[in-house]
file coords14.cif (mmCIF, C-alpha atoms)
data_run
loop_
_atom_site.label_atom_id
_atom_site.label_comp_id
_atom_site.auth_asym_id
_atom_site.auth_seq_id
_atom_site.Cartn_x
_atom_site.Cartn_y
_atom_site.Cartn_z
CA MET A 1 -7.39 -46.63 12.29
CA GLU A 2 -4.84 -44.31 13.87
CA PHE A 3 -3.81 -40.71 13.17
CA GLN A 4 -0.61 -39.23 14.54
CA PRO A 5 -0.57 -35.77 16.16
CA ILE A 6 0.39 -32.83 13.94
CA TYR A 7 1.71 -29.49 15.17
CA ILE A 8 1.66 -26.38 12.98
CA HIS A 9 3.69 -23.39 14.18
CA GLY A 10 3.93 -25.04 17.58
CA LYS A 11 0.14 -25.44 17.90
CA LEU A 12 -1.56 -28.84 18.07
CA THR A 13 -3.73 -29.06 14.94
CA ILE A 14 -4.40 -32.82 14.86
CA PRO A 15 -4.34 -34.70 18.19
CA LYS A 16 -3.56 -38.39 18.35
CA ILE A 17 -6.72 -40.16 17.18
CA GLU A 18 -7.58 -43.85 17.46
CA LEU A 19 -10.79 -45.00 15.76
CA ASN A 20 -12.37 -48.42 16.05
CA LEU A 21 -14.08 -48.95 12.72
CA ASP A 22 -16.51 -51.85 12.44
CA SER A 23 -18.67 -53.21 9.65
CA ASN A 24 -22.31 -52.07 9.75
CA THR A 25 -21.20 -48.78 11.32
CA VAL A 26 -20.32 -45.65 9.34
CA VAL A 27 -18.14 -43.15 11.21
CA GLY A 28 -18.03 -39.44 10.40
CA ILE A 29 -15.59 -36.68 11.35
CA ILE A 30 -16.75 -33.07 11.05
CA THR A 31 -13.83 -30.72 10.59
CA ASP A 32 -12.43 -27.92 8.44
CA LEU A 33 -10.66 -28.10 5.07
CA LYS A 34 -7.11 -27.98 6.46
CA ARG A 35 -7.69 -30.75 8.97
CA LYS A 36 -9.50 -32.91 6.39
CA GLN A 37 -6.46 -32.74 4.12
CA LEU A 38 -4.07 -33.51 6.97
CA LEU A 39 -6.12 -36.58 7.90
CA MET A 40 -6.32 -37.80 4.31
CA ASP A 41 -2.59 -37.27 3.77
CA GLN A 42 -1.79 -39.61 6.67
CA LEU A 43 -3.68 -42.44 4.94
CA VAL A 44 -2.05 -42.11 1.50
CA ASP A 45 -0.07 -45.18 0.36
CA GLN A 46 -1.62 -47.41 3.02
CA ALA A 47 -2.92 -50.43 1.16
CA GLN A 48 -5.92 -51.10 3.38
CA TYR A 49 -7.59 -47.74 2.62
CA HIS A 50 -9.45 -46.62 -0.48
CA LEU A 51 -9.43 -42.81 -0.53
CA LEU A 52 -11.97 -40.80 -2.50
CA ARG A 53 -11.15 -37.09 -2.54
CA VAL A 54 -13.71 -34.42 -3.32
CA GLN A 55 -11.75 -33.10 -6.32
CA GLN A 56 -11.19 -36.52 -7.88
CA GLY A 57 -11.62 -36.39 -11.66
CA GLU A 58 -13.32 -38.78 -14.06
CA TYR A 59 -13.12 -39.85 -17.71
CA MET A 60 -15.34 -37.17 -19.22
CA ASN A 61 -15.58 -38.66 -22.72
CA LEU A 62 -16.79 -42.06 -21.59
CA ARG A 63 -20.47 -42.85 -21.58
CA VAL A 64 -21.87 -43.96 -18.23
CA GLU A 65 -22.28 -47.54 -19.45
CA GLU A 66 -18.70 -47.55 -20.77
CA LEU A 67 -17.37 -46.29 -17.45
CA ILE A 68 -19.20 -48.98 -15.48
CA THR A 69 -17.90 -51.61 -17.92
CA PHE A 70 -14.37 -50.27 -17.50
CA LEU A 71 -14.60 -50.38 -13.69
CA ILE A 72 -15.89 -53.94 -13.77
CA ARG A 73 -13.02 -54.98 -16.01
CA VAL A 74 -10.16 -53.32 -14.10
CA THR A 75 -11.44 -54.61 -10.74
CA GLU A 76 -12.07 -58.10 -12.17
CA ARG A 77 -15.61 -58.25 -10.87
CA THR A 78 -18.21 -60.61 -12.30
CA ASP A 79 -21.21 -58.25 -12.12
CA ARG A 80 -23.35 -57.77 -15.21
CA VAL A 81 -23.34 -54.20 -16.51
CA ALA A 82 -27.12 -54.05 -16.94
CA LYS A 83 -27.69 -55.22 -13.36
CA LEU A 84 -25.38 -52.55 -11.94
CA ILE A 85 -26.93 -49.84 -14.11
CA ASP A 86 -30.29 -50.73 -12.56
CA TYR A 87 -28.84 -50.91 -9.03
CA PHE A 88 -27.19 -47.50 -9.45
CA ALA A 89 -30.47 -46.03 -10.88
CA LEU A 90 -28.69 -44.89 -14.04
CA GLN A 91 -31.01 -46.35 -16.67
CA GLY A 92 -31.76 -42.95 -18.16
CA GLU A 93 -28.08 -41.94 -18.39
CA ARG A 94 -26.43 -45.16 -19.53
CA LYS A 95 -25.69 -43.80 -23.05
CA VAL A 96 -24.82 -40.26 -21.89
CA LYS A 97 -21.20 -39.08 -21.78
CA MET A 98 -19.91 -38.03 -18.39
CA LYS A 99 -19.24 -34.48 -19.56
CA HIS A 100 -22.91 -34.06 -20.50
CA LEU A 101 -24.30 -35.09 -17.11
CA SER A 102 -25.50 -32.53 -14.59
CA PRO A 103 -22.88 -31.63 -11.93
CA SER A 104 -24.76 -33.63 -9.30
CA ARG A 105 -25.17 -36.69 -11.52
CA ARG A 106 -21.53 -36.52 -12.64
CA MET A 107 -20.33 -36.46 -9.03
CA TYR A 108 -22.69 -39.31 -8.16
CA VAL A 109 -21.22 -41.51 -10.89
CA THR A 110 -17.69 -40.61 -9.77
CA LEU A 111 -18.57 -41.61 -6.20
CA LEU A 112 -19.61 -45.04 -7.46
CA ARG A 113 -15.91 -45.95 -7.65
CA VAL A 114 -16.15 -46.88 -3.96
CA PHE A 115 -18.48 -49.73 -4.93
CA PHE A 116 -15.65 -51.34 -6.89
CA ALA A 117 -12.93 -50.78 -4.27
CA HIS A 118 -11.25 -53.97 -3.02
CA GLN A 119 -9.82 -52.36 0.14
CA PRO A 120 -11.58 -53.20 3.43
CA THR A 121 -11.81 -49.53 4.50
CA LEU A 122 -13.34 -46.65 2.52
CA VAL A 123 -12.44 -43.04 3.36
CA LEU A 124 -14.63 -40.45 1.63
CA GLU A 125 -14.10 -36.70 1.61
CA GLU A 126 -17.34 -34.66 1.32
CA PRO A 127 -19.29 -37.37 -0.56
CA TYR A 128 -22.60 -35.46 -0.43
CA PHE A 129 -21.31 -31.95 -1.06
CA TYR A 130 -22.29 -31.64 -4.73
CA LEU A 131 -25.23 -34.05 -4.72
CA GLU A 132 -28.87 -33.10 -5.13
CA GLU A 133 -31.54 -34.79 -3.03
CA ASP A 134 -32.27 -37.83 -5.23
CA ASP A 135 -28.58 -38.55 -5.79
CA ARG A 136 -27.96 -38.26 -2.05
CA ARG A 137 -30.61 -40.86 -1.36
CA HIS A 138 -29.26 -43.25 -3.99
CA PHE A 139 -25.69 -42.93 -2.74
CA LYS A 140 -26.75 -43.30 0.89
CA GLN A 141 -28.40 -46.64 0.04
CA ILE A 142 -25.22 -47.80 -1.69
CA LEU A 143 -23.10 -46.84 1.33
CA ASP A 144 -25.56 -48.63 3.62
CA ASP A 145 -25.13 -51.78 1.54
CA LEU A 146 -21.33 -51.42 1.43
CA SER A 147 -21.14 -50.93 5.20
CA LYS A 148 -22.33 -54.50 5.71
CA GLY A 149 -18.93 -55.74 4.57
CA LYS A 150 -16.60 -52.73 4.77
CA GLN A 151 -15.48 -50.09 7.23
CA ILE A 152 -16.41 -46.55 6.18
CA LEU A 153 -15.10 -43.19 7.35
CA ILE A 154 -16.60 -39.91 6.07
CA LEU A 155 -14.74 -36.61 6.41
CA THR A 156 -16.95 -33.53 6.05
CA SER A 157 -17.41 -29.97 7.23
CA ASN A 158 -21.21 -30.27 7.26
CA LEU A 159 -23.27 -31.76 10.11
CA GLU A 160 -26.20 -32.56 7.81
CA ASP A 161 -23.96 -34.54 5.46
CA ALA A 162 -22.57 -36.52 8.38
CA MET A 163 -26.04 -37.22 9.73
CA ILE A 164 -27.20 -38.70 6.42
CA SER A 165 -25.13 -41.87 6.71
CA CYS A 166 -23.06 -41.85 9.89
CA ASP A 167 -23.92 -43.89 12.96
CA THR A 168 -21.15 -42.26 15.00
CA ILE A 169 -19.98 -38.67 14.51
CA TYR A 170 -16.96 -36.86 15.91
CA ARG A 171 -16.00 -33.18 15.74
CA LEU A 172 -12.38 -32.18 15.20
CA ASN A 173 -11.49 -28.53 15.76
CA GLU A 174 -9.24 -26.27 17.80
CA ALA A 175 -10.87 -27.66 20.97
CA GLY A 176 -9.74 -31.19 20.13
CA PHE A 177 -11.45 -34.40 19.02
CA HIS A 178 -14.75 -35.32 20.65
CA PRO A 179 -17.92 -37.31 19.87
CA LEU A 180 -21.30 -35.77 19.09
CA ASP A 181 -24.41 -37.27 20.66
CA ILE A 182 -26.76 -38.04 17.75
CA ARG A 183 -28.30 -41.21 19.17
CA ASP A 184 -32.05 -41.51 18.92
CA THR A 185 -34.08 -42.39 22.00
CA GLU A 186 -37.74 -43.20 22.53
CA VAL A 187 -37.74 -41.61 25.99
CA ASP A 188 -35.53 -38.76 27.15
CA GLU A 189 -33.31 -39.51 30.14
CA GLN A 190 -34.78 -36.54 32.05
CA GLY A 191 -38.52 -36.03 31.90
CA VAL A 192 -39.87 -32.51 31.62
CA GLN A 193 -42.59 -31.62 34.07
CA GLU A 194 -45.55 -29.55 32.97
CA GLN A 195 -45.33 -25.92 33.96
CA ASP A 196 -48.02 -23.29 34.25
CA GLN A 197 -47.53 -20.77 31.46
CA ALA A 198 -48.45 -17.91 33.78
CA ASN A 199 -45.47 -18.71 35.98
CA ILE A 200 -42.89 -18.17 33.24
CA THR A 201 -41.37 -14.72 33.45
CA LEU A 202 -38.06 -15.36 31.66
CA GLN A 203 -37.11 -12.58 29.27
CA LYS A 204 -33.40 -13.22 28.72
CA ILE A 205 -31.06 -16.19 28.33
CA TYR A 206 -27.77 -15.75 30.15
CA THR A 207 -24.64 -16.87 28.23
CA LYS A 208 -20.90 -16.27 28.27
CA LYS A 209 -18.25 -15.96 25.59
CA ASN A 210 -14.63 -14.90 26.03
CA ASP A 211 -15.37 -13.92 29.65
CA LYS A 212 -18.17 -11.62 28.52
CA VAL A 213 -21.74 -11.99 29.76
CA ILE A 214 -24.18 -11.89 26.83
CA LEU A 215 -27.97 -11.88 27.21
CA PHE A 216 -30.29 -13.03 24.44
CA ASN A 217 -34.00 -12.63 23.90
CA PRO A 218 -35.46 -16.11 23.26
CA PRO A 219 -36.59 -15.29 19.66
CA GLU A 220 -32.96 -14.53 18.77
CA ILE A 221 -31.86 -18.10 19.54
CA ASP A 222 -31.68 -20.61 16.67
CA TYR A 223 -31.13 -23.81 18.62
CA ILE A 224 -29.45 -25.15 21.76
CA GLU A 225 -27.07 -28.10 21.84
CA SER A 226 -25.62 -30.34 24.54
CA LEU A 227 -22.02 -31.21 23.66
CA ASN A 228 -19.59 -33.06 25.94
CA GLY A 229 -21.32 -31.88 29.08
CA SER A 230 -21.50 -28.27 27.92
CA ILE A 231 -24.61 -26.39 26.80
CA LEU A 232 -24.14 -24.28 23.67
CA VAL A 233 -26.66 -21.62 22.62
CA HIS A 234 -26.45 -21.04 18.85
CA VAL A 235 -27.31 -17.57 17.56
CA GLY A 236 -26.63 -16.39 14.01
CA GLY A 237 -23.94 -18.96 13.33
CA GLU A 238 -22.10 -18.38 16.63
CA SER A 239 -22.19 -20.49 19.80
CA PHE A 240 -22.28 -19.28 23.41
CA ASP A 241 -21.82 -21.22 26.66
CA CYS A 242 -24.79 -21.47 29.01
CA ALA A 243 -24.79 -22.61 32.64
CA LEU A 244 -28.34 -24.03 32.55
CA THR A 245 -29.12 -27.65 31.68
CA LEU A 246 -31.16 -28.61 28.61
CA THR A 247 -34.07 -29.58 30.84
CA GLU A 248 -34.00 -26.21 32.62
CA LEU A 249 -33.84 -24.39 29.28
CA GLU A 250 -36.66 -26.52 27.89
CA GLN A 251 -38.88 -25.53 30.80
CA ARG A 252 -37.99 -21.85 30.63
CA LEU A 253 -38.43 -21.61 26.86
CA LEU A 254 -41.71 -23.50 26.72
CA ASN A 255 -43.77 -20.39 26.04
CA PHE A 256 -41.40 -19.01 23.44
CA GLY A 257 -41.98 -21.63 20.74
CA PHE A 258 -39.04 -23.94 21.51
CA PHE A 259 -39.17 -27.73 21.13
CA ARG A 260 -36.97 -30.56 22.47
CA CYS A 261 -36.44 -32.31 19.12
CA HIS A 262 -33.72 -34.67 20.35
CA ARG A 263 -32.14 -35.67 23.66
CA SER A 264 -29.27 -33.27 22.93
CA TYR A 265 -31.09 -30.47 21.06
CA ILE A 266 -33.74 -27.81 21.60
CA VAL A 267 -34.86 -25.93 18.51
CA ASN A 268 -36.67 -22.63 17.94
CA LEU A 269 -39.71 -23.72 15.92
CA GLN A 270 -39.93 -20.30 14.30
CA LYS A 271 -36.60 -21.08 12.59
CA VAL A 272 -37.59 -24.52 11.21
CA ARG A 273 -37.73 -24.41 7.41
CA GLU A 274 -37.76 -28.10 6.44
CA ILE A 275 -38.27 -31.57 7.91
CA ILE A 276 -35.85 -33.92 6.14
CA THR A 277 -36.66 -37.63 5.96
CA TRP A 278 -33.59 -39.74 5.18
CA THR A 279 -35.09 -43.13 6.04
CA LYS A 280 -38.21 -44.25 7.91
CA ASN A 281 -36.23 -43.91 11.15
CA SER A 282 -33.87 -41.04 10.33
CA TYR A 283 -34.93 -37.39 10.35
CA SER A 284 -33.41 -33.94 10.71
CA LEU A 285 -34.55 -30.32 10.74
CA ARG A 286 -33.12 -27.63 8.47
CA LEU A 287 -33.26 -24.18 10.04
CA ASP A 288 -33.59 -20.82 8.34
CA THR A 289 -30.81 -19.11 10.26
CA GLY A 290 -28.82 -17.38 7.52
CA LYS A 291 -26.17 -20.13 7.73
CA ASP A 292 -28.37 -23.14 6.93
CA ALA A 293 -28.03 -25.08 10.21
CA VAL A 294 -29.29 -28.67 10.52
CA VAL A 295 -30.16 -30.51 13.75
CA PRO A 296 -31.30 -34.12 14.35
CA LEU A 297 -34.94 -35.02 15.02
CA SER A 298 -35.71 -38.13 17.08
CA ARG A 299 -38.25 -40.41 15.42
CA SER A 300 -40.19 -40.50 18.71
CA LYS A 301 -40.57 -36.70 18.47
CA LEU A 302 -41.83 -36.53 14.88
CA GLN A 303 -45.57 -36.77 15.58
CA GLU A 304 -45.33 -34.34 18.50
CA LEU A 305 -43.52 -31.88 16.25
CA LYS A 306 -46.24 -32.16 13.59
CA VAL A 307 -48.83 -31.31 16.24
CA HIS A 308 -46.86 -28.21 17.28
CA LEU A 309 -46.57 -27.11 13.66
CA ASN A 310 -50.18 -28.00 12.77
CA ILE A 311 -49.19 -30.29 9.91
#
call {"tool": "encode", "arguments": {"input": "coords14.cif", "output": "structure tokens"}}
result
Amino acid sequence: MEFQPIYIHGKLTIPKIELNLDSNTVVGIITDLKRKQLLMDQLVDQAQYHLLRVQQGEYMNLRVEELITFLIRVTERTDRVAKLIDYFALQGERKVKMKHLSPSRRMYVTLLRVFFAHQPTLVLEEPYFYLEEDDRRHFKQILDDLSKGKQILILTSNLEDAMISCDTIYRLNEAGFHPLDIRDTEVDEQGVQEQDQANITLQKIYTKKNDKVILFNPPEIDYIESLNGSILVHVGGESFDCALTLTELEQRLLNFGFFRCHRSYIVNLQKVREIITWTKNSYSLRLDTGKDAVVPLSRSKLQELKVHLNI
């Protein structure tokens, strides 16, 4: 899949992008609304792509069972309606009209159109945005099954939504197009040596932004991220560059309630609001930061985290 560069008012908004999409791998791009639309617009009228936009409508007067029957007929599939109703977990809604479903359930049924797509590549805009937890889990399982035979690209503005299904995630913004490190590891590349608590005297974390030096008290920090060789300290929805490595920060913040939850993330445990389990090997942490941040949690770190939190 290839995207051509786009300039707006002389400024590069979309760089040239080449993606290698494979079956069994779901790729996600985190970006803003404008860039999502520009990416989608480049794929319109290309026969190999099935595009599902977030504002796509549905036949509101059809019952769920009627809609599934209609989709089977127009796509010339041989599936039995009852079997698909069970697979989609829609037994309780099969006789309900689309307009009478809850917003989450209505969006979930609309998203099921990708199941019937004949194109080899599916491109989905914000598939999880309107879905509640149960519908997210059902749709994730469907995408996992579809990925065994199709290529899937998800465009979203939300890291948590990308983490639900994506094996590879990229970020597209004014800084360009770059991958995010979300891989899970059993052992971190750099081990952290034990340090005597009495020796820690750190009171401030030194950061820079726009050539300004900004110092933070550790409790102010939400989480710290390693991205493309840079260390970003996240505070109140903003990010600040830091010259220290993740390992150095992990050692210095040990006594301030911070935890290395992933090879690329350190989180302030005081900000953790929820442990999210997507599958038996896929976890993330939702933080209470005022802007609802989500960071990945390595499966090898789960039990250690529970000990820290006394759960």
call {"tool": "closest_residue", "arguments": {"input": "coords14.cif", "among": "A:Thr69, A:Gln270, A:Thr279, A:Gln42", "to": "Leu309 in chain A", "atoms": "all atoms listed in the file"}}
result
A:Gln270
call {"tool": "closest_residue", "arguments": {"input": "coords14.cif", "among": "A:Glu66, A:Glu250, A:Asp292, A:Asp22", "to": "Ile152 in chain A", "atoms": "all atoms listed in the file"}}
result
A:Asp22
call {"tool": "residues_around", "arguments": {"input": "coords14.cif", "residues": "Leu143 in chain A", "least_positions_apart": "2", "cutoff": "12 Å", "atoms": "only C-alpha atoms", "output": "number ranges by chain"}}
result
A: 23-27, 88, 111-116, 122-124, 127-128, 136-141, 145-154, 164-166
call {"tool": "closest_residue", "arguments": {"input": "coords14.cif", "among": "A:Ser284, A:Ser102, A:Ser300, A:Asn310", "to": "Glu132 in chain A", "atoms": "all atoms listed in the file"}}
result
A:Ser102
call {"tool": "atom_distance", "arguments": {"input": "coords14.cif", "atom1": "CA of Gly236 in chain A", "atom2": "CA of Glu126 in chain A"}}
result
24.1 Å
call {"tool": "closest_residue", "arguments": {"input": "coords14.cif", "among": "A:Val81, A:Leu39, A:Ala117, A:Ala175", "to": "Leu12 in chain A", "atoms": "only C-alpha atoms"}}
result
A:Ala175
call {"tool": "closest_residue", "arguments": {"input": "coords14.cif", "among": "A:Asp79, A:Asp167, A:Glu174, A:Glu248", "to": "Ile205 in chain A", "atoms": "all atoms listed in the file"}}
result
A:Glu248
call {"tool": "atom_distance", "arguments": {"input": "coords14.cif", "atom1": "CA of Asn20 in chain A", "atom2": "CA of Met163 in chain A"}}
result
18.8 Å
call {"tool": "atom_distance", "arguments": {"input": "coords14.cif", "atom1": "CA of Glu125 in chain A", "atom2": "CA of Gly57 in chain A"}}
result
13.5 Å
call {"tool": "closest_residue", "arguments": {"input": "coords14.cif", "among": "A:Asp222, A:Asp161, A:Asp32, A:Val44", "to": "Gly257 in chain A", "atoms": "only C-alpha atoms"}}
result
A:Asp222
call {"tool": "resolve_selection", "arguments": {"input": "coords14.cif", "expression": "the PyMOL selection byres ((chain A and resi 231) around 7)", "output": "PyMOL selection string"}}
result
chain A and resi 225-227+229-230+232-233+241-243+245
call {"tool": "axis_aligned_box", "arguments": {"input": "coords14.cif", "around": "range 266-275 of chain A", "padding_each_side": "6 Å", "output": "JSON"}}
result
{"center_x": -36.8, "center_y": -25.9, "center_z": 14.0, "size_x": 18.2, "size_y": 23.3, "size_z": 27.2}
call {"tool": "resolve_selection", "arguments": {"input": "coords14.cif", "expression": "the PyMOL selection byres ((chain A and resi 273) around 6)", "output": "ChimeraX atom specification"}}
result
/A:272,274,286-288
call {"tool": "write_last_selection", "arguments": {"input": "coords14.cif", "atoms": "C-alpha atoms", "output": "tab-separated table (two decimals), in the coordinates of the input"}}
result
chain	number	residue	atom	x	y	z
A	272	VAL	CA	-37.59	-24.52	11.21
A	274	GLU	CA	-37.76	-28.10	6.44
A	286	ARG	CA	-33.12	-27.63	8.47
A	287	LEU	CA	-33.26	-24.18	10.04
A	288	ASP	CA	-33.59	-20.82	8.34
call {"tool": "resolve_selection", "arguments": {"input": "coords14.cif", "expression": "the PyMOL selection byres ((chain A and resi 85) around 12)", "output": "PyMOL selection string"}}
result
chain A and resi 64-69+72+79-84+86-95+109+112
call {"tool": "residues_around", "arguments": {"input": "coords14.cif", "residues": "Ile275 in chain A", "least_positions_apart": "6", "cutoff": "10 Å", "atoms": "all atoms listed in the file", "output": "ChimeraX atom specification"}}
result
/A:283-287,294,296-297,302,305-306
call {"tool": "decode", "arguments": {"input": "coords14.cif", "residues": "range 243-264 of chain A", "atoms": "N, CA, C and O atoms", "output": "PDB file, in the first residue's frame"}}
result
ATOM      1  N   ALA A 243      16.598  14.182  28.470  1.00  0.00           N
ATOM      2  CA  ALA A 243      17.897  13.687  28.031  1.00  0.00           C
ATOM      3  C   ALA A 243      18.277  12.356  28.671  1.00  0.00           C
ATOM      4  O   ALA A 243      19.185  11.672  28.198  1.00  0.00           O
ATOM      5  N   LEU A 244      17.591  11.947  29.729  1.00  0.00           N
ATOM      6  CA  LEU A 244      17.915  10.694  30.412  1.00  0.00           C
ATOM      7  C   LEU A 244      17.343   9.504  29.645  1.00  0.00           C
ATOM      8  O   LEU A 244      16.375   9.631  28.896  1.00  0.00           O
ATOM      9  N   THR A 245      17.921   8.329  29.844  1.00  0.00           N
ATOM     10  CA  THR A 245      17.379   7.107  29.254  1.00  0.00           C
ATOM     11  C   THR A 245      16.251   6.573  30.134  1.00  0.00           C
ATOM     12  O   THR A 245      16.085   6.984  31.294  1.00  0.00           O
ATOM     13  N   LEU A 246      15.466   5.637  29.583  1.00  0.00           N
ATOM     14  CA  LEU A 246      14.395   5.030  30.381  1.00  0.00           C
ATOM     15  C   LEU A 246      14.957   4.308  31.597  1.00  0.00           C
ATOM     16  O   LEU A 246      14.377   4.361  32.688  1.00  0.00           O
ATOM     17  N   THR A 247      16.082   3.636  31.421  1.00  0.00           N
ATOM     18  CA  THR A 247      16.677   2.917  32.548  1.00  0.00           C
ATOM     19  C   THR A 247      17.127   3.881  33.642  1.00  0.00           C
ATOM     20  O   THR A 247      16.918   3.626  34.836  1.00  0.00           O
ATOM     21  N   GLU A 248      17.725   4.996  33.259  1.00  0.00           N
ATOM     22  CA  GLU A 248      18.137   6.001  34.250  1.00  0.00           C
ATOM     23  C   GLU A 248      16.922   6.592  34.969  1.00  0.00           C
ATOM     24  O   GLU A 248      16.938   6.771  36.198  1.00  0.00           O
ATOM     25  N   LEU A 249      15.869   6.857  34.218  1.00  0.00           N
ATOM     26  CA  LEU A 249      14.650   7.402  34.832  1.00  0.00           C
ATOM     27  C   LEU A 249      13.995   6.366  35.745  1.00  0.00           C
ATOM     28  O   LEU A 249      13.492   6.706  36.811  1.00  0.00           O
ATOM     29  N   GLU A 250      14.011   5.116  35.324  1.00  0.00           N
ATOM     30  CA  GLU A 250      13.438   4.056  36.154  1.00  0.00           C
ATOM     31  C   GLU A 250      14.154   3.980  37.505  1.00  0.00           C
ATOM     32  O   GLU A 250      13.523   3.860  38.559  1.00  0.00           O
ATOM     33  N   GLN A 251      15.455   4.085  37.487  1.00  0.00           N
ATOM     34  CA  GLN A 251      16.231   4.029  38.724  1.00  0.00           C
ATOM     35  C   GLN A 251      15.959   5.248  39.598  1.00  0.00           C
ATOM     36  O   GLN A 251      15.779   5.135  40.810  1.00  0.00           O
ATOM     37  N   ARG A 252      15.900   6.411  38.982  1.00  0.00           N
ATOM     38  CA  ARG A 252      15.729   7.640  39.752  1.00  0.00           C
ATOM     39  C   ARG A 252      14.313   7.783  40.319  1.00  0.00           C
ATOM     40  O   ARG A 252      14.119   8.430  41.354  1.00  0.00           O
ATOM     41  N   LEU A 253      13.343   7.191  39.640  1.00  0.00           N
ATOM     42  CA  LEU A 253      11.946   7.346  40.058  1.00  0.00           C
ATOM     43  C   LEU A 253      11.442   6.170  40.899  1.00  0.00           C
ATOM     44  O   LEU A 253      10.256   6.098  41.214  1.00  0.00           O
ATOM     45  N   LEU A 254      12.344   5.277  41.244  1.00  0.00           N
ATOM     46  CA  LEU A 254      11.951   4.070  41.964  1.00  0.00           C
ATOM     47  C   LEU A 254      11.181   4.377  43.238  1.00  0.00           C
ATOM     48  O   LEU A 254      10.198   3.703  43.574  1.00  0.00           O
ATOM     49  N   ASN A 255      11.608   5.372  43.972  1.00  0.00           N
ATOM     50  CA  ASN A 255      10.979   5.686  45.257  1.00  0.00           C
ATOM     51  C   ASN A 255       9.777   6.607  45.136  1.00  0.00           C
ATOM     52  O   ASN A 255       9.212   7.019  46.142  1.00  0.00           O
ATOM     53  N   PHE A 256       9.392   6.941  43.931  1.00  0.00           N
ATOM     54  CA  PHE A 256       8.273   7.859  43.744  1.00  0.00           C
ATOM     55  C   PHE A 256       7.047   7.163  43.164  1.00  0.00           C
ATOM     56  O   PHE A 256       6.124   7.808  42.662  1.00  0.00           O
ATOM     57  N   GLY A 257       7.016   5.829  43.238  1.00  0.00           N
ATOM     58  CA  GLY A 257       5.823   5.095  42.804  1.00  0.00           C
ATOM     59  C   GLY A 257       5.725   4.900  41.309  1.00  0.00           C
ATOM     60  O   GLY A 257       4.614   4.772  40.782  1.00  0.00           O
ATOM     61  N   PHE A 258       6.855   4.843  40.594  1.00  0.00           N
ATOM     62  CA  PHE A 258       6.827   4.618  39.154  1.00  0.00           C
ATOM     63  C   PHE A 258       7.164   3.162  38.849  1.00  0.00           C
ATOM     64  O   PHE A 258       7.877   2.497  39.615  1.00  0.00           O
ATOM     65  N   PHE A 259       6.665   2.667  37.710  1.00  0.00           N
ATOM     66  CA  PHE A 259       6.797   1.251  37.380  1.00  0.00           C
ATOM     67  C   PHE A 259       7.079   1.093  35.888  1.00  0.00           C
ATOM     68  O   PHE A 259       6.416   1.703  35.050  1.00  0.00           O
ATOM     69  N   ARG A 260       8.078   0.281  35.549  1.00  0.00           N
ATOM     70  CA  ARG A 260       8.415  -0.010  34.139  1.00  0.00           C
ATOM     71  C   ARG A 260       7.419  -1.061  33.641  1.00  0.00           C
ATOM     72  O   ARG A 260       7.623  -2.258  33.771  1.00  0.00           O
ATOM     73  N   CYS A 261       6.327  -0.607  33.039  1.00  0.00           N
ATOM     74  CA  CYS A 261       5.246  -1.507  32.641  1.00  0.00           C
ATOM     75  C   CYS A 261       5.484  -2.144  31.272  1.00  0.00           C
ATOM     76  O   CYS A 261       4.763  -3.072  30.881  1.00  0.00           O
ATOM     77  N   HIS A 262       6.459  -1.663  30.547  1.00  0.00           N
ATOM     78  CA  HIS A 262       6.710  -2.109  29.181  1.00  0.00           C
ATOM     79  C   HIS A 262       8.129  -1.673  28.824  1.00  0.00           C
ATOM     80  O   HIS A 262       8.667  -0.765  29.438  1.00  0.00           O
ATOM     81  N   ARG A 263       8.729  -2.297  27.843  1.00  0.00           N
ATOM     82  CA  ARG A 263      10.104  -1.941  27.491  1.00  0.00           C
ATOM     83  C   ARG A 263      10.229  -0.473  27.089  1.00  0.00           C
ATOM     84  O   ARG A 263      11.301   0.122  27.224  1.00  0.00           O
ATOM     85  N   SER A 264       9.122   0.124  26.626  1.00  0.00           N
ATOM     86  CA  SER A 264       9.180   1.508  26.150  1.00  0.00           C
ATOM     87  C   SER A 264       8.398   2.482  27.019  1.00  0.00           C
ATOM     88  O   SER A 264       8.245   3.642  26.642  1.00  0.00           O
TER      89      SER A 264
END
